[in-house]
Amino acid sequence: MSLQGHKKRVLVAILILPILLFIIIKLPSYFFLILLCLAAGIGIWEFLKMYKVSKFFILLGVSLSVVFLLLNCFYWQLAFYYYSIFFIFISLLRLLSKRNPNFALVEISPLVIGILYIPTLLSFHWFIRLESWHWIIYLYSCIWCSDTAAYYIGKIFGKRKLYPEISPKKTWEGVYGSLAGGVIASVTLGKFLISKSFLTLFTIGILLGITSVFGDLVESMFKRDAGVKDSGILFSEHGGILDKIDAMLFGGVVLYFIIKII
């Protein structure tokens, strides 16, 4: 990345982070839910667009992503029922809209996977927010530090490729950076935000650092399959919304279960 690109990256972060912190800390929790709905809608729009899904299915996906996020947040006990209805609905829609059965699975699978991937995993952020805003700030801080440390350490010191078939630029040095970033953020910020022991914070930091790497690789897998570099262009030098929340999608699920265990 050029120096100009680096400056744009930092500027976007400086502008976005205070707004995010204000919404999470100062405003009632439903404002955070609105933010999650926006992330789900934009995220699935990017996901379906990079797979060149028809405009009808993109609009349907955006609408359903918000619906499913809200259902998951407030009626998660009924998930078996509404996910079953969703599959029947999508299957019948494809059956009745086109007589040609060729590529049926190819056409409907991005929407099905997108719903499972984005609004479903984002729902766990709401569950964490219900525990307290401290946990959400802790999650985002750990993942952001893991991501940032992985990027810069990998860029400066990276030599050994991690998984070139999926992400040619990712290195093992970047993985170590992710672990270090997760641990440092967890131990330093966690002491004030969630008041857990050093060993607990260290362990969670390691787990979130690992999760960050896998979350990023999964999105890279989808992007490489779709033949795109970034999921979108929403943020200058940052890519799309999916490029920013890929690690957080996985991290939210992991942290939620950690909270329930500890």
# chains A, B, ... in the order shown; residues from 1 in each chain; ligands from 1
$ residues_around --residues "region 152-161 of chain A" --least-positions-apart "3" --cutoff "9 Å" --atoms "only C-alpha atoms" --output "count of residues only"
16
$ residues_around --residues "Ser109 (chain A)" --least-positions-apart "3" --cutoff "12 Å" --atoms "only C-alpha atoms" --output "list in words"
Phe47, Leu48, Tyr51, Val53, Phe57, Gly61, Phe87, Ile90, Ser91, Arg94, Phe103, Ala104, Leu105, Val106, Val112, Ile113, Gly114, Ile115, Leu116 and Tyr117 of chain A
$ write_last_selection --atoms "C-alpha atoms" --output "PDB file, in the first residue's frame"
ATOM      1  CA  PHE A  47     -21.723 -10.927  -1.022  1.00  0.00           C
ATOM      2  CA  LEU A  48     -24.433 -11.518  -3.629  1.00  0.00           C
ATOM      3  CA  TYR A  51     -21.271 -13.691  -7.047  1.00  0.00           C
ATOM      4  CA  VAL A  53     -26.562 -12.789  -8.521  1.00  0.00           C
ATOM      5  CA  PHE A  57     -32.221 -11.960  -5.626  1.00  0.00           C
ATOM      6  CA  GLY A  61     -31.332 -11.043   0.015  1.00  0.00           C
ATOM      7  CA  PHE A  87     -35.401 -23.033   2.382  1.00  0.00           C
ATOM      8  CA  ILE A  90     -36.268 -20.134  -1.958  1.00  0.00           C
ATOM      9  CA  SER A  91     -36.540 -23.580  -3.549  1.00  0.00           C
ATOM     10  CA  ARG A  94     -36.504 -20.950  -8.208  1.00  0.00           C
ATOM     11  CA  PHE A 103     -27.771 -24.266 -12.504  1.00  0.00           C
ATOM     12  CA  ALA A 104     -30.582 -24.167  -9.933  1.00  0.00           C
ATOM     13  CA  LEU A 105     -28.190 -24.844  -7.076  1.00  0.00           C
ATOM     14  CA  VAL A 106     -25.664 -22.343  -8.409  1.00  0.00           C
ATOM     15  CA  VAL A 112     -28.728 -19.423   1.280  1.00  0.00           C
ATOM     16  CA  ILE A 113     -25.056 -19.272   2.273  1.00  0.00           C
ATOM     17  CA  GLY A 114     -25.218 -15.480   2.561  1.00  0.00           C
ATOM     18  CA  ILE A 115     -28.101 -15.685   5.060  1.00  0.00           C
ATOM     19  CA  LEU A 116     -26.269 -18.322   7.114  1.00  0.00           C
ATOM     20  CA  TYR A 117     -23.009 -16.387   6.924  1.00  0.00           C
TER      21      TYR A 117
END
$ closest_residue --among "A:Ile34, A:Ser63, A:Trp135, A:Lys26" --to "Ser195 (chain A)" --atoms "only C-alpha atoms"
A:Trp135
$ select_by_dssp --residues "region 157-248 of chain A" --states "strand (DSSP E)" --output "ChimeraX atom specification"
/A:161-163,167-171
$ write_last_selection --atoms "C-alpha atoms" --output "compact mmCIF listing (two decimals), in the first residue's frame"
# COMPACT_ATOMS: atom_id res chain seq x y z
CA LYS A 161 3.15 -17.95 2.84
CA LEU A 162 0.25 -19.14 4.95
CA TYR A 163 -2.33 -20.28 2.39
CA SER A 167 -4.88 -15.53 0.07
CA PRO A 168 -1.48 -15.04 -1.63
CA LYS A 169 -0.43 -12.14 0.60
CA LYS A 170 -1.11 -13.71 3.99
CA THR A 171 1.91 -15.08 5.83
$ residues_around --residues "Met248 (chain A)" --least-positions-apart "6" --cutoff "8 Å" --atoms "only C-alpha atoms" --output "PyMOL selection string"
chain A and resi 139-140+143+212+215
$ atom_distance --atom1 "CA of Phe32 (chain A)" --atom2 "CA of Arg129 (chain A)"
8.3 Å
$ residues_around --residues "region 217-234 of chain A" --least-positions-apart "6" --cutoff "10 Å" --atoms "only C-alpha atoms" --output "VMD selection string"
chain A and resid 42 to 52 117 163 165 to 168 170 211 240 to 247 250
$ residues_around --residues "region 22-24 of chain A" --least-positions-apart "6" --cutoff "10 Å" --atoms "only C-alpha atoms" --output "PyMOL selection string"
chain A and resi 30-35+129+132-134+136-137
$ residues_around --residues "Thr200 (chain A)" --least-positions-apart "3" --cutoff "12 Å" --atoms "only C-alpha atoms" --output "list in words"
Val183, Ser186, Val187, Gly190, Lys191, Ile194, Ser195, Lys196, Ser197, Thr203, Ile204, Gly205, Ile206, Leu207, Ile258, Ile259, Ile261 and Ile262 of chain A
$ atom_distance --atom1 "CA of Ile88 (chain A)" --atom2 "CA of Leu70 (chain A)"
19.8 Å
$ select_by_dssp --residues "region 156-226 of chain A" --states "helix (DSSP H, G or I)" --output "JSON, numbers by chain"
{"A": [156, 157, 172, 173, 174, 175, 176, 177, 178, 179, 180, 181, 182, 183, 184, 185, 186, 187, 188, 189, 190, 191, 192, 193, 198, 199, 200, 201, 202, 203, 204, 205, 206, 207, 208, 209, 210, 211, 212, 213, 214, 215, 216, 217, 218, 219, 220, 221, 222, 223, 224, 225, 226]}
$ write_last_selection --atoms "N, CA and C atoms" --output "short mmCIF file (atom, residue, chain, number, x, y, z; two decimals), in the first residue's frame"
data_model
loop_
_atom_site.label_atom_id
_atom_site.label_comp_id
_atom_site.auth_asym_id
_atom_site.auth_seq_id
_atom_site.Cartn_x
_atom_site.Cartn_y
_atom_site.Cartn_z
N ILE A 156 5.51 -6.10 6.77
CA ILE A 156 6.91 -5.74 7.03
C ILE A 156 7.82 -6.96 7.09
N PHE A 157 7.36 -8.00 7.80
CA PHE A 157 8.24 -9.15 8.06
C PHE A 157 7.81 -10.42 7.32
N TRP A 172 2.68 -16.51 7.61
CA TRP A 172 2.72 -17.00 8.99
C TRP A 172 3.13 -15.89 9.95
N GLU A 173 3.97 -14.99 9.48
CA GLU A 173 4.35 -13.85 10.33
C GLU A 173 3.13 -12.99 10.66
N GLY A 174 2.23 -12.86 9.68
CA GLY A 174 0.98 -12.15 9.92
C GLY A 174 0.11 -12.85 10.96
N VAL A 175 0.13 -14.18 10.94
CA VAL A 175 -0.62 -14.96 11.95
C VAL A 175 -0.08 -14.67 13.34
N TYR A 176 1.24 -14.67 13.46
CA TYR A 176 1.84 -14.36 14.77
C TYR A 176 1.48 -12.94 15.21
N GLY A 177 1.42 -12.03 14.24
CA GLY A 177 1.01 -10.67 14.55
C GLY A 177 -0.42 -10.62 15.04
N SER A 178 -1.29 -11.42 14.41
CA SER A 178 -2.68 -11.48 14.83
C SER A 178 -2.81 -11.98 16.27
N LEU A 179 -2.04 -13.02 16.60
CA LEU A 179 -2.06 -13.55 17.97
C LEU A 179 -1.55 -12.51 18.96
N ALA A 180 -0.46 -11.84 18.59
CA ALA A 180 0.12 -10.82 19.48
C ALA A 180 -0.85 -9.66 19.67
N GLY A 181 -1.48 -9.21 18.59
CA GLY A 181 -2.44 -8.11 18.67
C GLY A 181 -3.63 -8.47 19.53
N GLY A 182 -4.14 -9.70 19.36
CA GLY A 182 -5.28 -10.14 20.16
C GLY A 182 -4.95 -10.22 21.63
N VAL A 183 -3.77 -10.74 21.96
CA VAL A 183 -3.36 -10.87 23.36
C VAL A 183 -3.13 -9.50 24.00
N ILE A 184 -2.42 -8.63 23.30
CA ILE A 184 -2.13 -7.30 23.85
C ILE A 184 -3.42 -6.53 24.13
N ALA A 185 -4.33 -6.54 23.16
CA ALA A 185 -5.60 -5.83 23.35
C ALA A 185 -6.42 -6.46 24.48
N SER A 186 -6.44 -7.78 24.50
CA SER A 186 -7.23 -8.48 25.53
C SER A 186 -6.71 -8.19 26.93
N VAL A 187 -5.39 -8.28 27.11
CA VAL A 187 -4.79 -8.11 28.43
C VAL A 187 -4.88 -6.66 28.90
N THR A 188 -4.66 -5.71 28.00
CA THR A 188 -4.64 -4.31 28.41
C THR A 188 -6.05 -3.74 28.57
N LEU A 189 -6.86 -3.86 27.53
CA LEU A 189 -8.21 -3.31 27.59
C LEU A 189 -9.15 -4.16 28.42
N GLY A 190 -8.96 -5.48 28.36
CA GLY A 190 -9.84 -6.38 29.11
C GLY A 190 -9.78 -6.16 30.60
N LYS A 191 -8.63 -5.72 31.09
CA LYS A 191 -8.47 -5.46 32.52
C LYS A 191 -9.44 -4.38 33.00
N PHE A 192 -9.72 -3.41 32.15
CA PHE A 192 -10.62 -2.31 32.51
C PHE A 192 -12.06 -2.57 32.09
N LEU A 193 -12.24 -3.30 31.00
CA LEU A 193 -13.58 -3.47 30.45
C LEU A 193 -14.34 -4.62 31.10
N PHE A 198 -5.62 -12.40 34.46
CA PHE A 198 -4.64 -12.30 33.37
C PHE A 198 -4.68 -13.55 32.51
N LEU A 199 -4.74 -14.73 33.13
CA LEU A 199 -4.74 -15.98 32.37
C LEU A 199 -5.98 -16.07 31.47
N THR A 200 -7.13 -15.66 32.01
CA THR A 200 -8.36 -15.69 31.21
C THR A 200 -8.26 -14.75 30.02
N LEU A 201 -7.78 -13.54 30.27
CA LEU A 201 -7.65 -12.55 29.19
C LEU A 201 -6.62 -12.99 28.15
N PHE A 202 -5.53 -13.57 28.62
CA PHE A 202 -4.50 -14.06 27.71
C PHE A 202 -5.08 -15.16 26.81
N THR A 203 -5.81 -16.08 27.41
CA THR A 203 -6.40 -17.19 26.64
C THR A 203 -7.42 -16.70 25.63
N ILE A 204 -8.29 -15.78 26.07
CA ILE A 204 -9.29 -15.25 25.14
C ILE A 204 -8.60 -14.50 23.99
N GLY A 205 -7.54 -13.76 24.32
CA GLY A 205 -6.80 -13.04 23.28
C GLY A 205 -6.24 -13.97 22.22
N ILE A 206 -5.68 -15.10 22.67
CA ILE A 206 -5.15 -16.10 21.73
C ILE A 206 -6.28 -16.64 20.85
N LEU A 207 -7.40 -16.99 21.48
CA LEU A 207 -8.53 -17.57 20.73
C LEU A 207 -9.09 -16.58 19.71
N LEU A 208 -9.21 -15.32 20.11
CA LEU A 208 -9.72 -14.32 19.18
C LEU A 208 -8.72 -14.01 18.07
N GLY A 209 -7.42 -14.08 18.40
CA GLY A 209 -6.40 -13.89 17.38
C GLY A 209 -6.46 -14.98 16.32
N ILE A 210 -6.65 -16.22 16.78
CA ILE A 210 -6.79 -17.35 15.84
C ILE A 210 -8.07 -17.22 15.03
N THR A 211 -9.15 -16.87 15.73
CA THR A 211 -10.45 -16.71 15.06
C THR A 211 -10.38 -15.63 13.99
N SER A 212 -9.67 -14.55 14.27
CA SER A 212 -9.53 -13.46 13.31
C SER A 212 -8.91 -13.95 12.02
N VAL A 213 -7.89 -14.78 12.14
CA VAL A 213 -7.21 -15.33 10.96
C VAL A 213 -8.17 -16.18 10.13
N PHE A 214 -8.89 -17.08 10.81
CA PHE A 214 -9.81 -17.97 10.08
C PHE A 214 -10.98 -17.21 9.47
N GLY A 215 -11.51 -16.22 10.20
CA GLY A 215 -12.60 -15.42 9.66
C GLY A 215 -12.18 -14.70 8.40
N ASP A 216 -10.96 -14.18 8.40
CA ASP A 216 -10.43 -13.48 7.23
C ASP A 216 -10.21 -14.44 6.06
N LEU A 217 -9.72 -15.64 6.37
CA LEU A 217 -9.46 -16.63 5.32
C LEU A 217 -10.75 -17.12 4.67
N VAL A 218 -11.79 -17.27 5.47
CA VAL A 218 -13.07 -17.73 4.91
C VAL A 218 -13.60 -16.71 3.91
N GLU A 219 -13.54 -15.43 4.27
CA GLU A 219 -14.01 -14.41 3.32
C GLU A 219 -13.11 -14.38 2.09
N SER A 220 -11.80 -14.56 2.29
CA SER A 220 -10.87 -14.61 1.15
C SER A 220 -11.20 -15.78 0.24
N MET A 221 -11.62 -16.89 0.83
CA MET A 221 -12.03 -18.06 0.04
C MET A 221 -13.21 -17.71 -0.87
N PHE A 222 -14.20 -17.02 -0.30
CA PHE A 222 -15.35 -16.62 -1.11
C PHE A 222 -14.95 -15.62 -2.19
N LYS A 223 -14.11 -14.65 -1.84
CA LYS A 223 -13.69 -13.65 -2.82
C LYS A 223 -12.90 -14.28 -3.96
N ARG A 224 -12.00 -15.19 -3.63
CA ARG A 224 -11.20 -15.83 -4.67
C ARG A 224 -12.09 -16.70 -5.56
N ASP A 225 -13.05 -17.35 -4.96
CA ASP A 225 -14.00 -18.15 -5.73
C ASP A 225 -14.80 -17.26 -6.68
N ALA A 226 -15.18 -16.07 -6.19
CA ALA A 226 -15.96 -15.14 -7.02
C ALA A 226 -15.09 -14.33 -7.97
#
$ atom_distance --atom1 "CA of Gly41 (chain A)" --atom2 "CA of Ile118 (chain A)"
8.8 Å
